[in-house]
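Asker: This one is final.pdb, PDB, C-alpha atoms, pLDDT in the B column.
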```pdb
MODEL        1
ATOM      1  CA  MET A   1    -149.520 141.315  46.433  1.00 63.00           C
ATOM      2  CA  GLU A   2    -146.563 139.676  44.707  1.00 78.00           C
ATOM      3  CA  LEU A   3    -143.497 139.317  46.918  1.00 84.00           C
ATOM      4  CA  GLU A   4    -140.074 139.657  45.330  1.00 87.00           C
ATOM      5  CA  VAL A   5    -136.561 139.131  46.649  1.00 91.00           C
ATOM      6  CA  GLY A   6    -134.985 142.381  47.806  1.00 92.00           C
ATOM      7  CA  ALA A   7    -138.276 144.033  48.781  1.00 92.00           C
ATOM      8  CA  ILE A   8    -138.392 145.849  52.104  1.00 93.00           C
ATOM      9  CA  LEU A   9    -141.676 145.273  53.910  1.00 94.00           C
ATOM     10  CA  ASP A  10    -143.349 146.131  57.193  1.00 94.00           C
ATOM     11  CA  GLY A  11    -144.547 143.197  59.261  1.00 95.00           C
ATOM     12  CA  LYS A  12    -145.515 142.051  62.735  1.00 96.00           C
ATOM     13  CA  VAL A  13    -143.751 139.413  64.857  1.00 96.00           C
ATOM     14  CA  THR A  14    -146.175 136.534  65.368  1.00 96.00           C
ATOM     15  CA  GLY A  15    -143.946 133.990  67.042  1.00 95.00           C
ATOM     16  CA  ILE A  16    -140.496 133.558  68.559  1.00 95.00           C
ATOM     17  CA  THR A  17    -138.416 130.382  68.595  1.00 94.00           C
ATOM     18  CA  LYS A  18    -134.860 129.656  69.663  1.00 94.00           C
ATOM     19  CA  PHE A  19    -133.749 129.827  66.007  1.00 94.00           C
ATOM     20  CA  GLY A  20    -135.579 132.997  64.932  1.00 95.00           C
ATOM     21  CA  ALA A  21    -138.877 134.828  64.675  1.00 95.00           C
ATOM     22  CA  PHE A  22    -141.924 134.464  62.437  1.00 96.00           C
ATOM     23  CA  VAL A  23    -143.219 137.651  60.875  1.00 96.00           C
ATOM     24  CA  ALA A  24    -146.651 138.252  59.329  1.00 95.00           C
ATOM     25  CA  LEU A  25    -146.333 140.087  56.016  1.00 94.00           C
ATOM     26  CA  PRO A  26    -148.848 142.042  53.930  1.00 90.00           C
ATOM     27  CA  GLY A  27    -151.130 139.838  51.833  1.00 88.00           C
ATOM     28  CA  GLY A  28    -151.568 137.177  54.537  1.00 90.00           C
ATOM     29  CA  ARG A  29    -148.138 135.591  54.016  1.00 92.00           C
ATOM     30  CA  SER A  30    -145.533 135.025  56.709  1.00 93.00           C
ATOM     31  CA  GLY A  31    -141.806 134.435  56.781  1.00 94.00           C
ATOM     32  CA  LEU A  32    -138.938 133.582  59.092  1.00 95.00           C
ATOM     33  CA  VAL A  33    -136.215 135.889  60.304  1.00 95.00           C
ATOM     34  CA  HIS A  34    -133.388 133.504  61.227  1.00 95.00           C
ATOM     35  CA  ILE A  35    -131.491 134.345  64.430  1.00 95.00           C
ATOM     36  CA  SER A  36    -128.437 135.267  62.333  1.00 95.00           C
ATOM     37  CA  GLU A  37    -130.479 137.880  60.453  1.00 95.00           C
ATOM     38  CA  ILE A  38    -131.863 139.751  63.476  1.00 94.00           C
ATOM     39  CA  ALA A  39    -128.942 142.039  64.328  1.00 93.00           C
ATOM     40  CA  TYR A  40    -125.361 142.747  63.317  1.00 91.00           C
ATOM     41  CA  SER A  41    -124.289 141.875  66.860  1.00 91.00           C
ATOM     42  CA  TYR A  42    -124.314 138.339  68.297  1.00 92.00           C
ATOM     43  CA  VAL A  43    -127.818 137.165  69.212  1.00 92.00           C
ATOM     44  CA  SER A  44    -127.998 134.357  71.750  1.00 93.00           C
ATOM     45  CA  ASP A  45    -131.646 134.850  72.708  1.00 94.00           C
ATOM     46  CA  VAL A  46    -134.174 136.124  70.153  1.00 94.00           C
ATOM     47  CA  SER A  47    -136.412 137.407  72.970  1.00 93.00           C
ATOM     48  CA  GLU A  48    -133.761 139.958  73.938  1.00 94.00           C
ATOM     49  CA  PHE A  49    -134.258 141.666  70.554  1.00 94.00           C
ATOM     50  CA  LEU A  50    -137.869 140.945  69.553  1.00 95.00           C
ATOM     51  CA  SER A  51    -141.266 140.366  71.155  1.00 94.00           C
ATOM     52  CA  VAL A  52    -144.550 138.973  69.835  1.00 95.00           C
ATOM     53  CA  GLY A  53    -146.717 141.755  68.398  1.00 96.00           C
ATOM     54  CA  GLN A  54    -143.763 144.038  67.672  1.00 95.00           C
ATOM     55  CA  ASP A  55    -143.838 145.893  64.330  1.00 95.00           C
ATOM     56  CA  VAL A  56    -140.659 145.307  62.331  1.00 95.00           C
ATOM     57  CA  ARG A  57    -139.210 146.308  58.974  1.00 96.00           C
ATOM     58  CA  VAL A  58    -137.816 143.308  57.075  1.00 95.00           C
ATOM     59  CA  LYS A  59    -136.052 142.611  53.796  1.00 95.00           C
ATOM     60  CA  LEU A  60    -137.105 139.585  51.781  1.00 94.00           C
ATOM     61  CA  ILE A  61    -133.823 137.739  51.132  1.00 95.00           C
ATOM     62  CA  SER A  62    -135.092 134.526  49.517  1.00 94.00           C
ATOM     63  CA  ILE A  63    -138.029 132.271  48.755  1.00 92.00           C
ATOM     64  CA  ASP A  64    -137.126 128.585  48.588  1.00 90.00           C
ATOM     65  CA  GLU A  65    -138.667 125.848  46.422  1.00 91.00           C
ATOM     66  CA  GLY A  66    -141.188 125.047  49.139  1.00 91.00           C
ATOM     67  CA  GLY A  67    -142.441 128.638  49.129  1.00 89.00           C
ATOM     68  CA  ARG A  68    -140.887 129.474  52.508  1.00 93.00           C
ATOM     69  CA  ILE A  69    -139.949 133.122  52.857  1.00 93.00           C
ATOM     70  CA  ASN A  70    -136.633 134.040  54.440  1.00 95.00           C
ATOM     71  CA  LEU A  71    -136.395 137.527  55.906  1.00 96.00           C
ATOM     72  CA  SER A  72    -133.740 139.776  57.414  1.00 95.00           C
ATOM     73  CA  ILE A  73    -134.110 142.620  59.863  1.00 95.00           C
ATOM     74  CA  LYS A  74    -130.449 143.592  59.914  1.00 94.00           C
ATOM     75  CA  LYS A  75    -130.262 144.054  56.129  1.00 94.00           C
ATOM     76  CA  THR A  76    -132.831 146.852  56.253  1.00 93.00           C
ATOM     77  CA  ALA A  77    -130.157 149.211  57.584  1.00 89.00           C
ATOM     78  CA  PRO A  78    -126.464 149.657  56.758  1.00 88.00           C
ATOM     79  CA  PRO A  79    -124.039 147.838  59.046  1.00 87.00           C
ATOM     80  CA  PRO A  80    -122.691 149.856  61.969  1.00 86.00           C
ATOM     81  CA  PRO A  81    -119.177 151.261  61.538  1.00 88.00           C
ATOM     82  CA  ARG A  82    -116.449 148.894  62.654  1.00 83.00           C
ATOM     83  CA  PRO A  83    -114.498 149.984  65.716  1.00 81.00           C
ATOM     84  CA  PRO A  84    -110.891 150.966  65.004  1.00 81.00           C
ATOM     85  CA  HIS A  85    -108.376 148.136  65.213  1.00 75.00           C
ATOM     86  CA  PRO A  86    -106.492 148.143  68.548  1.00 77.00           C
ATOM     87  CA  ALA A  87    -103.132 148.264  66.720  1.00 71.00           C
ATOM     88  CA  GLY A  88    -104.166 151.422  64.894  1.00 66.00           C
ATOM     89  CA  PRO A  89    -104.549 152.093  61.195  1.00 64.00           C
ATOM     90  CA  ARG A  90    -102.832 149.755  58.787  1.00 63.00           C
ATOM     91  CA  PRO A  91    -100.010 151.116  56.650  1.00 61.00           C
ATOM     92  CA  GLN A  92     -99.939 150.637  52.865  1.00 63.00           C
ATOM     93  CA  GLY A  93     -98.167 147.254  53.209  1.00 60.00           C
ATOM     94  CA  GLY A  94    -101.092 145.647  55.049  1.00 59.00           C
ATOM     95  CA  ARG A  95     -99.692 144.723  58.479  1.00 59.00           C
ATOM     96  CA  PRO A  96    -100.318 147.123  61.359  1.00 57.00           C
ATOM     97  CA  ALA A  97     -97.299 149.002  62.588  1.00 56.00           C
ATOM     98  CA  SER A  98     -96.884 147.773  66.134  1.00 58.00           C
ATOM     99  CA  PRO A  99     -93.948 147.912  68.506  1.00 59.00           C
ATOM    100  CA  PRO A 100     -91.976 144.686  68.972  1.00 57.00           C
ATOM    101  CA  ARG A 101     -93.211 142.536  71.831  1.00 57.00           C
ATOM    102  CA  GLN A 102     -91.177 142.468  74.965  1.00 59.00           C
ATOM    103  CA  GLY A 103     -91.017 139.172  76.781  1.00 57.00           C
ATOM    104  CA  GLY A 104     -94.095 137.072  76.327  1.00 55.00           C
ATOM    105  CA  GLY A 105     -94.805 133.536  77.381  1.00 55.00           C
ATOM    106  CA  ARG A 106     -95.990 132.600  80.834  1.00 55.00           C
ATOM    107  CA  PRO A 107     -95.703 134.924  83.800  1.00 56.00           C
ATOM    108  CA  ARG A 108     -92.978 133.880  86.189  1.00 54.00           C
ATOM    109  CA  SER A 109     -93.569 133.029  89.823  1.00 50.00           C
ATOM    110  CA  GLU A 110     -92.409 135.359  92.599  1.00 53.00           C
ATOM    111  CA  GLY A 111     -89.118 133.480  93.036  1.00 52.00           C
ATOM    112  CA  GLY A 112     -87.951 134.588  89.588  1.00 51.00           C
ATOM    113  CA  SER A 113     -88.354 131.333  87.712  1.00 50.00           C
ATOM    114  CA  ALA A 114     -90.867 128.559  87.631  1.00 49.00           C
ATOM    115  CA  PRO A 115     -90.220 125.657  90.024  1.00 50.00           C
ATOM    116  CA  ARG A 116     -88.313 122.819  88.400  1.00 50.00           C
ATOM    117  CA  SER A 117     -90.308 119.655  87.886  1.00 48.00           C
ATOM    118  CA  ALA A 118     -89.566 116.327  86.316  1.00 48.00           C
ATOM    119  CA  PRO A 119     -88.944 116.641  82.589  1.00 48.00           C
ATOM    120  CA  SER A 120     -92.046 116.054  80.570  1.00 45.00           C
ATOM    121  CA  GLN A 121     -92.214 113.660  77.679  1.00 47.00           C
ATOM    122  CA  GLY A 122     -92.708 116.331  75.061  1.00 45.00           C
ATOM    123  CA  ARG A 123     -96.045 117.574  76.373  1.00 44.00           C
ATOM    124  CA  GLY A 124     -96.151 121.282  76.958  1.00 45.00           C
ATOM    125  CA  GLN A 125     -92.659 121.837  75.610  1.00 45.00           C
ATOM    126  CA  TYR A 126     -91.659 123.198  72.266  1.00 48.00           C
ATOM    127  CA  ARG A 127     -89.324 120.611  70.776  1.00 50.00           C
ATOM    128  CA  GLY A 128     -85.894 121.042  72.245  1.00 50.00           C
ATOM    129  CA  HIS A 129     -86.775 124.124  74.260  1.00 49.00           C
ATOM    130  CA  ASP A 130     -86.449 124.393  78.002  1.00 50.00           C
ATOM    131  CA  ARG A 131     -89.429 126.062  79.641  1.00 49.00           C
ATOM    132  CA  GLU A 132     -87.155 128.270  81.706  1.00 52.00           C
ATOM    133  CA  GLN A 133     -85.299 129.625  78.687  1.00 58.00           C
ATOM    134  CA  GLU A 134     -85.479 133.380  78.205  1.00 63.00           C
ATOM    135  CA  PRO A 135     -88.392 134.439  76.004  1.00 64.00           C
ATOM    136  CA  GLN A 136     -87.491 134.870  72.348  1.00 71.00           C
ATOM    137  CA  SER A 137     -88.862 137.224  69.778  1.00 81.00           C
ATOM    138  CA  PHE A 138     -91.287 135.806  67.268  1.00 80.00           C
ATOM    139  CA  ASP A 139     -88.705 136.151  64.496  1.00 81.00           C
ATOM    140  CA  ASP A 140     -86.160 134.156  66.531  1.00 82.00           C
ATOM    141  CA  MET A 141     -88.716 131.416  67.185  1.00 82.00           C
ATOM    142  CA  VAL A 142     -89.600 131.232  63.482  1.00 82.00           C
ATOM    143  CA  LYS A 143     -85.916 131.038  62.493  1.00 83.00           C
ATOM    144  CA  HIS A 144     -85.351 128.273  65.026  1.00 83.00           C
ATOM    145  CA  PHE A 145     -88.441 126.391  63.872  1.00 83.00           C
ATOM    146  CA  LEU A 146     -87.404 126.626  60.215  1.00 85.00           C
ATOM    147  CA  SER A 147     -83.840 125.451  60.873  1.00 84.00           C
ATOM    148  CA  GLU A 148     -85.126 122.596  63.030  1.00 85.00           C
ATOM    149  CA  SER A 149     -87.687 121.661  60.355  1.00 84.00           C
ATOM    150  CA  GLU A 150     -85.052 121.684  57.618  1.00 83.00           C
ATOM    151  CA  SER A 151     -82.790 119.509  59.759  1.00 82.00           C
ATOM    152  CA  ARG A 152     -85.569 117.012  60.462  1.00 83.00           C
ATOM    153  CA  GLN A 153     -86.618 116.991  56.808  1.00 83.00           C
ATOM    154  CA  SER A 154     -83.076 116.250  55.642  1.00 81.00           C
ATOM    155  CA  ASP A 155     -82.862 113.424  58.223  1.00 80.00           C
ATOM    156  CA  LEU A 156     -86.104 112.002  56.879  1.00 81.00           C
ATOM    157  CA  ASN A 157     -84.913 112.314  53.293  1.00 82.00           C
ATOM    158  CA  ARG A 158     -81.752 110.390  54.210  1.00 78.00           C
ATOM    159  CA  GLY A 159     -83.887 107.821  56.015  1.00 71.00           C
ATOM    160  CA  GLY A 160     -82.494 108.641  59.448  1.00 56.00           C
ATOM    161  CA  GLU A 161     -85.733 109.050  61.407  1.00 51.00           C
ATOM    162  CA  SER A 162     -88.254 106.942  59.573  1.00 51.00           C
ATOM    163  CA  ARG A 163     -91.377 106.068  61.556  1.00 57.00           C
ATOM    164  CA  ARG A 164     -91.925 102.869  59.606  1.00 60.00           C
ATOM    165  CA  PRO A 165     -89.310 100.378  58.607  1.00 61.00           C
ATOM    166  CA  ARG A 166     -88.654 100.439  54.896  1.00 63.00           C
ATOM    167  CA  ARG A 167     -89.896  97.543  52.864  1.00 68.00           C
ATOM    168  CA  PRO A 168     -87.516  95.918  50.459  1.00 69.00           C
ATOM    169  CA  ARG A 169     -88.231  96.738  46.845  1.00 73.00           C
ATOM    170  CA  ARG A 170     -89.611  94.057  44.635  1.00 75.00           C
ATOM    171  CA  GLY A 171     -88.281  93.784  41.343  1.00 62.00           C
TER     172      GLY A 171
ENDMDL
END
```
Output the file's structure as C-alpha coordinates, nothing else.
Answerer:
Amino acid sequence: MELEVGAILDGKVTGITKFGAFVALPGGRSGLVHISEIAYSYVSDVSEFLSVGQDVRVKLISIDEGGRINLSIKKTAPPPPRPPHPAGPRPQGGRPASPPRQGGGRPRSEGGSAPRSAPSQGRGQYRGHDREQEPQSFDDMVKHFLSESESRQSDLNRGGESRRPRRPRRG
(Lines of atoms letter the chains of each structure in order from A and count residues from 1; the text may use other names and numbers.)
(Lines give C-alpha, C1' and ligand atoms only; values in the text may rest on other atoms or scores of the structure.)
Protein backbone atom coordinates (compact mmCIF):
# COMPACT_ATOMS: atom_id res chain seq x y z
CA MET A 1 0.00 0.00 0.00
CA GLU A 2 1.42 3.36 -1.05
CA LEU A 3 1.18 6.04 1.62
CA GLU A 4 0.58 9.62 0.54
CA VAL A 5 0.53 12.91 2.43
CA GLY A 6 -2.99 13.91 3.42
CA ALA A 7 -4.31 10.35 3.69
CA ILE A 8 -6.42 9.50 6.72
CA LEU A 9 -5.62 6.04 8.06
CA ASP A 10 -6.59 3.77 10.93
CA GLY A 11 -3.74 2.57 13.12
CA LYS A 12 -2.84 1.17 16.52
CA VAL A 13 -0.66 2.84 19.18
CA THR A 14 2.43 0.68 19.65
CA GLY A 15 4.50 2.86 21.93
CA ILE A 16 4.35 6.04 23.99
CA THR A 17 7.22 8.42 24.72
CA LYS A 18 7.39 11.81 26.39
CA PHE A 19 7.45 13.48 22.95
CA GLY A 20 4.65 11.52 21.24
CA ALA A 21 3.28 8.13 20.28
CA PHE A 22 4.24 5.55 17.66
CA VAL A 23 1.41 4.20 15.56
CA ALA A 24 1.39 1.02 13.45
CA LEU A 25 -0.13 1.68 10.03
CA PRO A 26 -1.54 -0.65 7.37
CA GLY A 27 1.12 -2.31 5.23
CA GLY A 28 3.54 -2.90 8.13
CA ARG A 29 4.73 0.72 8.32
CA SER A 30 4.70 2.89 11.43
CA GLY A 31 4.81 6.60 12.13
CA LEU A 32 5.07 9.12 14.94
CA VAL A 33 2.33 11.35 16.27
CA HIS A 34 4.25 14.22 17.88
CA ILE A 35 2.87 15.47 21.21
CA SER A 36 1.78 18.71 19.51
CA GLU A 37 -0.36 16.74 17.05
CA ILE A 38 -2.33 14.68 19.59
CA ALA A 39 -5.04 17.17 20.59
CA TYR A 40 -6.08 20.77 20.06
CA SER A 41 -5.70 21.33 23.80
CA TYR A 42 -2.35 21.45 25.63
CA VAL A 43 -0.85 17.99 26.13
CA SER A 44 1.69 17.69 28.93
CA ASP A 45 1.57 13.90 29.25
CA VAL A 46 0.87 11.71 26.21
CA SER A 47 -0.39 8.91 28.49
CA GLU A 48 -3.34 11.08 29.54
CA PHE A 49 -4.63 10.97 25.94
CA LEU A 50 -3.37 7.67 24.50
CA SER A 51 -2.54 4.14 25.63
CA VAL A 52 -0.62 1.28 24.00
CA GLY A 53 -2.96 -0.90 21.93
CA GLN A 54 -5.51 1.87 21.40
CA ASP A 55 -7.00 2.15 17.89
CA VAL A 56 -6.61 5.65 16.48
CA ARG A 57 -7.45 7.52 13.28
CA VAL A 58 -4.47 9.52 11.98
CA LYS A 59 -3.68 11.86 9.11
CA LEU A 60 -0.36 11.48 7.33
CA ILE A 61 1.12 15.00 7.41
CA SER A 62 4.61 14.37 6.01
CA ILE A 63 7.28 11.85 5.08
CA ASP A 64 10.82 13.16 5.49
CA GLU A 65 13.93 12.29 3.45
CA GLY A 66 14.76 9.46 5.83
CA GLY A 67 11.37 7.85 5.21
CA ARG A 68 10.02 8.73 8.66
CA ILE A 69 6.27 9.20 8.72
CA ASN A 70 4.79 12.10 10.67
CA LEU A 71 1.18 11.72 11.73
CA SER A 72 -1.52 13.84 13.35
CA ILE A 73 -4.53 12.77 15.36
CA LYS A 74 -5.95 16.25 15.85
CA LYS A 75 -6.05 17.00 12.11
CA THR A 76 -8.51 14.16 11.52
CA ALA A 77 -11.30 16.32 12.95
CA PRO A 78 -12.11 20.03 12.65
CA PRO A 79 -10.85 22.22 15.47
CA PRO A 80 -13.30 22.85 18.31
CA PRO A 81 -15.07 26.22 18.25
CA ARG A 82 -13.19 28.96 20.04
CA PRO A 83 -14.81 30.26 23.21
CA PRO A 84 -16.15 33.81 22.94
CA HIS A 85 -13.69 36.54 23.86
CA PRO A 86 -14.26 37.84 27.42
CA ALA A 87 -14.62 41.42 26.12
CA GLY A 88 -17.43 40.37 23.80
CA PRO A 89 -17.67 40.53 20.03
CA ARG A 90 -15.34 42.86 18.21
CA PRO A 91 -16.82 45.83 16.38
CA GLN A 92 -15.98 46.57 12.73
CA GLY A 93 -12.90 48.61 13.73
CA GLY A 94 -11.13 45.62 15.28
CA ARG A 95 -10.73 46.52 18.97
CA PRO A 96 -13.31 45.18 21.42
CA ALA A 97 -15.66 47.74 22.86
CA SER A 98 -14.85 47.70 26.55
CA PRO A 99 -15.58 50.17 29.31
CA PRO A 100 -12.69 52.37 30.44
CA ARG A 101 -10.70 50.92 33.31
CA GLN A 102 -11.19 52.41 36.71
CA GLY A 103 -8.14 52.62 38.90
CA GLY A 104 -5.64 49.90 38.24
CA GLY A 105 -2.16 49.41 39.58
CA ARG A 106 -1.43 47.78 42.90
CA PRO A 107 -4.06 47.32 45.58
CA ARG A 108 -3.60 49.71 48.46
CA SER A 109 -3.05 48.63 52.03
CA GLU A 110 -5.77 49.06 54.66
CA GLY A 111 -4.36 52.42 55.81
CA GLY A 112 -5.26 54.01 52.47
CA SER A 113 -1.81 54.27 50.95
CA ALA A 114 1.25 52.12 50.82
CA PRO A 115 3.79 52.67 53.61
CA ARG A 116 6.52 55.11 52.64
CA SER A 117 9.94 53.57 52.20
CA ALA A 118 13.29 54.91 51.16
CA PRO A 119 13.28 56.10 47.56
CA SER A 120 14.44 53.45 45.18
CA GLN A 121 17.11 54.02 42.60
CA GLY A 122 14.79 53.68 39.64
CA ARG A 123 13.85 50.06 40.28
CA GLY A 124 10.14 49.46 40.40
CA GLN A 125 9.30 53.05 39.54
CA TYR A 126 8.16 54.43 36.25
CA ARG A 127 10.57 57.24 35.44
CA GLY A 128 9.58 60.32 37.36
CA HIS A 129 6.44 58.80 38.84
CA ASP A 130 5.77 58.47 42.53
CA ARG A 131 4.33 55.10 43.49
CA GLU A 132 1.66 56.76 45.60
CA GLN A 133 0.39 58.93 42.76
CA GLU A 134 -3.25 58.43 41.82
CA PRO A 135 -3.71 55.82 39.09
CA GLN A 136 -3.89 57.26 35.59
CA SER A 137 -5.79 56.09 32.58
CA PHE A 138 -3.84 54.27 29.92
CA ASP A 139 -4.22 57.22 27.55
CA ASP A 140 -2.77 59.60 30.17
CA MET A 141 0.19 57.28 30.74
CA VAL A 142 0.84 57.04 27.00
CA LYS A 143 0.68 60.83 26.61
CA HIS A 144 3.09 61.27 29.50
CA PHE A 145 5.44 58.63 28.12
CA LEU A 146 5.44 60.22 24.66
CA SER A 147 6.10 63.73 25.99
CA GLU A 148 8.86 62.42 28.25
CA SER A 149 10.37 60.45 25.34
CA GLU A 150 10.29 63.48 23.05
CA SER A 151 11.94 65.58 25.75
CA ARG A 152 14.68 63.00 26.31
CA GLN A 153 15.20 62.57 22.57
CA SER A 154 15.61 66.32 22.05
CA ASP A 155 18.11 66.41 24.95
CA LEU A 156 20.05 63.60 23.31
CA ASN A 157 19.95 65.32 19.93
CA ARG A 158 21.37 68.48 21.53
CA GLY A 159 23.99 66.36 23.28
CA GLY A 160 22.67 67.07 26.77
CA GLU A 161 22.47 63.53 28.15
CA SER A 162 25.05 61.59 26.22
CA ARG A 163 26.10 58.29 27.79
CA ARG A 164 29.52 58.41 26.17
CA PRO A 165 31.76 61.41 25.88
CA ARG A 166 31.98 62.65 22.33
CA ARG A 167 35.20 62.08 20.49
CA PRO A 168 36.74 64.98 18.68
CA ARG A 169 36.38 64.79 14.93
CA ARG A 170 39.42 64.08 12.87
CA GLY A 171 39.85 65.95 9.87
Asker: I would like the residues chosen by the PyMOL selection byres ((chain A and resi 72) around 6) on the shown file; could you give them as a PDB file with C-alpha atoms, in the frame of the given file?
Answerer:
```
ATOM      1  CA  VAL A  33    -136.215 135.889  60.304  1.00 95.00           C
ATOM      2  CA  GLU A  37    -130.479 137.880  60.453  1.00 95.00           C
ATOM      3  CA  VAL A  58    -137.816 143.308  57.075  1.00 95.00           C
ATOM      4  CA  LYS A  59    -136.052 142.611  53.796  1.00 95.00           C
ATOM      5  CA  LEU A  71    -136.395 137.527  55.906  1.00 96.00           C
ATOM      6  CA  ILE A  73    -134.110 142.620  59.863  1.00 95.00           C
ATOM      7  CA  LYS A  74    -130.449 143.592  59.914  1.00 94.00           C
ATOM      8  CA  LYS A  75    -130.262 144.054  56.129  1.00 94.00           C
TER       9      LYS A  75
END
```
Asker: List the residues matched by the PyMOL selection byres ((chain A and resi 11) around 9) in the displayed structure as a ChimeraX atom specification, ordered by chain and then by residue number.
Answerer: /A:9-10,12-13,23-26,30,54-58
Asker: Using the chain letters and numbers from this file, what does the PyMOL selection byres ((chain A and resi 35) around 8) select? Give the answer as a PyMOL selection string.
Answerer: chain A and resi 18-21+33-34+36-38+43+46
Asker: From the set A:Glu4, A:Leu146, A:Ile16, A:Glu48, which residue has the shortest atom-to-atom contact distance to A:Asp64, counting only C-alpha atoms?
Answerer: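 Ranked by minimum distance to A:Asp64, first place goes to A:Glu4.
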Asker: Would you mind reading off the distance between atom CA of A:Ser151 and atom CA of A:Arg169, one decimal, in Å?
Answerer: 26.7 Å
Asker: From the list A:Ile69, A:Val52, A:Ile61, A:Ala87, which residue is nearest A:Ile8 when using all atoms listed in the file?
Answerer: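 Among A:Ile69, A:Val52, A:Ile61, A:Ala87, it is A:Ile61 that comes nearest to A:Ile8.
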Asker: To box stretch 36-54 of chain A, take all atoms listed in the file, fit an axis-aligned box, add 8 Å on each side, and give centre and edge lengths in Å to one decimal, as lines of an AutoDock Vina configuration file.
Answerer:
```
center_x = -135.5
center_y = 139.2
center_z = 67.2
size_x = 38.4
size_y = 25.7
size_z = 29.5
```
Asker: Rounded to one decimal, what separation in Å do you get between atom CA of A:Met141 and atom CA of A:Pro84?
Answerer: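 Between atom CA of A:Met141 and atom CA of A:Pro84 the gap is 29.6 Å.
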Asker: Reconstruct N, CA and C atoms of stretch 60-72 of chain A; output as a short mmCIF file (atom, residue, chain, number, x, y, z; two decimals), keeping the file's coordinate frame.
Answerer:
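Output file rebuild-v5.cif follows:
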```cif
data_model
loop_
_atom_site.label_atom_id
_atom_site.label_comp_id
_atom_site.auth_asym_id
_atom_site.auth_seq_id
_atom_site.Cartn_x
_atom_site.Cartn_y
_atom_site.Cartn_z
N LEU A 60 -136.90 140.93 52.28
CA LEU A 60 -137.10 139.58 51.78
C LEU A 60 -135.81 139.15 51.09
N ILE A 61 -135.12 138.14 51.68
CA ILE A 61 -133.82 137.74 51.13
C ILE A 61 -133.91 136.50 50.25
N SER A 62 -134.94 135.66 50.42
CA SER A 62 -135.09 134.53 49.52
C SER A 62 -136.45 133.86 49.73
N ILE A 63 -136.85 133.13 48.69
CA ILE A 63 -138.03 132.27 48.76
C ILE A 63 -137.57 130.93 48.21
N ASP A 64 -137.63 129.89 49.04
CA ASP A 64 -137.13 128.58 48.59
C ASP A 64 -138.17 127.84 47.76
N GLU A 65 -137.78 126.64 47.29
CA GLU A 65 -138.67 125.85 46.42
C GLU A 65 -139.99 125.51 47.09
N GLY A 66 -139.97 125.37 48.40
CA GLY A 66 -141.19 125.05 49.14
C GLY A 66 -142.07 126.26 49.40
N GLY A 67 -141.65 127.43 48.93
CA GLY A 67 -142.44 128.64 49.13
C GLY A 67 -142.18 129.33 50.45
N ARG A 68 -141.20 128.84 51.22
CA ARG A 68 -140.89 129.47 52.51
C ARG A 68 -140.14 130.77 52.27
N ILE A 69 -140.51 131.78 53.02
CA ILE A 69 -139.95 133.12 52.86
C ILE A 69 -138.91 133.37 53.95
N ASN A 70 -137.72 133.73 53.51
CA ASN A 70 -136.63 134.04 54.44
C ASN A 70 -136.44 135.55 54.48
N LEU A 71 -136.44 136.09 55.70
CA LEU A 71 -136.40 137.53 55.91
C LEU A 71 -135.16 137.94 56.70
N SER A 72 -134.84 139.22 56.63
CA SER A 72 -133.74 139.78 57.41
C SER A 72 -134.17 141.11 57.98
#
```
